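Student: Let me give you the structure first, and then I'll get to my questions.
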Amino acid sequence: METGALQLLKTIGRALFGRHLLLTNATFSTVMGIAGDIVQQHYEILSGHQSVLNPVRTSHMAAAGLTTGVVCHYWYALLDRWMVGRALRTVVLKVLYDQVVFSPVNLVVYFGTVAVLERSRPAALWEELCTKGGHIYRVEWVVWPPAQ
């Protein structure tokens with residue numbers, strides 16, 4: 001027999017990871033964007049590169065987290081419908097499609113969101129994608145495939 005608390009947790013889990021998965025994914029990625037930026041800004045303050053927290057920058061990171069969270073939600077739903085199963089071959093193909101096809105798209109969404117909010121010129125967005133985006137893409141190849 002389940003306790004009331006355990007049953008409540010199961011109900012919440014089904015709601016968050018079932019019926020409301022898009023909302024859960026979007027919220028989680030938004031919160032991670034906020035948390036990551038606050039940690040980074042705190043580091044920059046401690047190292048003397050910045051004097052106070054910049055809430056506008058944090059709001060831009062929140063928006064970038066939101067847009068990438070929504071795009072990721074639909075990408076992984078599509079990938080799971082297209083490639084069903086957990087066999088090693090299927091997992092390897094999913095990781096390859098994710099890295100080769102989706103990762104560049106997701107980087108454009110992330111940097112594009114920030115560029116729009118900062119009212120950057122297209123040339124500045126392109127430069128960010130080529131420098132920071134290229135570095136992030138290379139790091140993703142080291143981090144994500146083994147994590148899968």
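In the structure tokens, chains take the letters A, B, ... in the order shown, each chain's residues start at 1, and ligands count up from 1 in the order shown.
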Can I get the residues of segment 17-82 of chain A within 8 Å of segment 108-124 of chain A, each with the closest pair of atoms and their distance in Å to one decimal, using only C-alpha atoms, sorted chain first then ascending number, as CSV?
Tutor:
```
residue,atom,partner,partner_atom,distance
A:His60,CA,A:Val114,CA,6.0
A:Met61,CA,A:Val114,CA,7.3
A:Ala63,CA,A:Thr113,CA,7.1
A:Ala64,CA,A:Tyr110,CA,5.2
A:Gly65,CA,A:Tyr110,CA,7.5
A:Thr67,CA,A:Val109,CA,7.0
A:Thr68,CA,A:Tyr110,CA,6.1
```
Student: Segment 23-37 of chain A: which residues within 12 Å, counting only C-alpha atoms, same-chain residues fewer than 5 positions away excluded, as number ranges by chain?
Tutor: A: 12-18, 42-44, 53-77, 110, 114
Student: Could you turn the residues from that selection into a file that holds C-alpha atoms, as a compact mmCIF listing (two decimals), in the first residue's frame?
Tutor:
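Wrote it out as out-v8.txt, contents follow:
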```txt
# COMPACT_ATOMS: atom_id res chain seq x y z
CA ILE A 12 2.97 15.06 -9.81
CA GLY A 13 5.55 13.06 -11.77
CA ARG A 14 2.93 11.84 -14.25
CA ALA A 15 1.64 15.38 -14.69
CA LEU A 16 5.09 16.91 -15.15
CA PHE A 17 6.62 14.20 -17.32
CA GLY A 18 3.50 13.10 -19.13
CA HIS A 42 28.93 35.68 -9.48
CA TYR A 43 32.24 34.26 -10.70
CA GLU A 44 32.84 37.38 -12.81
CA LEU A 53 24.64 41.30 -11.15
CA ASN A 54 23.14 42.31 -14.49
CA PRO A 55 19.42 41.37 -14.47
CA VAL A 56 18.99 42.23 -18.16
CA ARG A 57 21.68 39.71 -19.08
CA THR A 58 20.00 37.13 -16.85
CA SER A 59 16.65 37.77 -18.53
CA HIS A 60 18.30 37.20 -21.92
CA MET A 61 19.71 33.88 -20.69
CA ALA A 62 16.26 32.96 -19.38
CA ALA A 63 14.74 33.68 -22.79
CA ALA A 64 17.47 31.69 -24.54
CA GLY A 65 16.79 28.82 -22.13
CA LEU A 66 13.08 29.02 -22.89
CA THR A 67 13.48 29.00 -26.67
CA THR A 68 16.04 26.19 -26.68
CA GLY A 69 13.91 24.22 -24.21
CA VAL A 70 10.88 24.39 -26.48
CA VAL A 71 12.89 23.55 -29.61
CA CYS A 72 14.59 20.63 -27.81
CA HIS A 73 11.23 19.31 -26.61
CA TYR A 74 9.89 19.04 -30.14
CA TRP A 75 13.18 17.72 -31.58
CA TYR A 76 13.40 14.87 -29.10
CA ALA A 77 9.70 14.04 -29.52
CA TYR A 110 20.33 30.06 -28.60
CA VAL A 114 20.26 36.50 -27.50
```
Student: Would you compute the distance between atom CA of Glu128 of chain A and atom CA of Ile45 of chain A? Give it in Å to one decimal.
Tutor: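 A separation of 23.3 Å between them.
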Student: Could you tell me which of A:Val91, A:Leu96, A:Val52, A:Ile136 comes closest to Gln40 of chain A if we count only C-alpha atoms?
Tutor: A:Val52
Student: Quick check, in Å to one decimal: how far apart do atom CA of Tyr97 of chain A and atom CA of Gly133 of chain A lie?
Tutor: 18.0 Å
Student: Going by DSSP on the backbone, which bits of chain A are alpha helix (DSSP H)? Write them as number ranges by chain, please.
Tutor: A: 4-14, 21-46, 55-82, 88-97, 103-117, 122-128, 134-147
Student: Just give me the gap between atom CA of Gly85 of chain A and atom CA of Pro104 of chain A in Å, one decimal is fine.
Tutor: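 Atom CA of Pro104 of chain A lies at a distance of 24.7 Å from atom CA of Gly85 of chain A.
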Student: Which residues come within 12 Å of segment 138-142 of chain A, counting only C-alpha atoms, excluding same-chain residues fewer than 5 positions away, as a PyMOL selection string?
Tutor: chain A and resi 95-96+98-100+102-104+106-107+130-133+147-148
Student: Write a file of the just-selected residues containing C-alpha atoms, as a JSON list (two decimals), in the first residue's frame.
Tutor:
```json
[["chain", "number", "residue", "atom", "x", "y", "z"],
["A", 95, "VAL", "CA", 23.12, 10.56, -30.78],
["A", 96, "LEU", "CA", 24.64, 11.07, -34.24],
["A", 98, "ASP", "CA", 21.38, 14.89, -32.44],
["A", 99, "GLN", "CA", 25.00, 15.99, -32.77],
["A", 100, "VAL", "CA", 25.19, 16.41, -36.55],
["A", 102, "PHE", "CA", 20.23, 19.29, -34.25],
["A", 103, "SER", "CA", 23.15, 20.69, -32.29],
["A", 104, "PRO", "CA", 23.95, 23.36, -34.93],
["A", 106, "ASN", "CA", 20.04, 24.58, -31.36],
["A", 107, "LEU", "CA", 23.13, 26.80, -31.28],
["A", 130, "CYS", "CA", 31.57, 31.11, -35.72],
["A", 131, "THR", "CA", 33.64, 31.78, -32.61],
["A", 132, "LYS", "CA", 31.65, 30.83, -29.51],
["A", 133, "GLY", "CA", 29.26, 28.51, -31.35],
["A", 147, "ALA", "CA", 26.86, 11.04, -21.54],
["A", 148, "GLN", "CA", 24.23, 9.20, -23.57]]
```
Student: Counting only C-alpha atoms, which residue out of A:Leu46, A:Leu79, A:Leu129, A:Leu9 sits closest to Val105 of chain A?
Tutor: A:Leu129
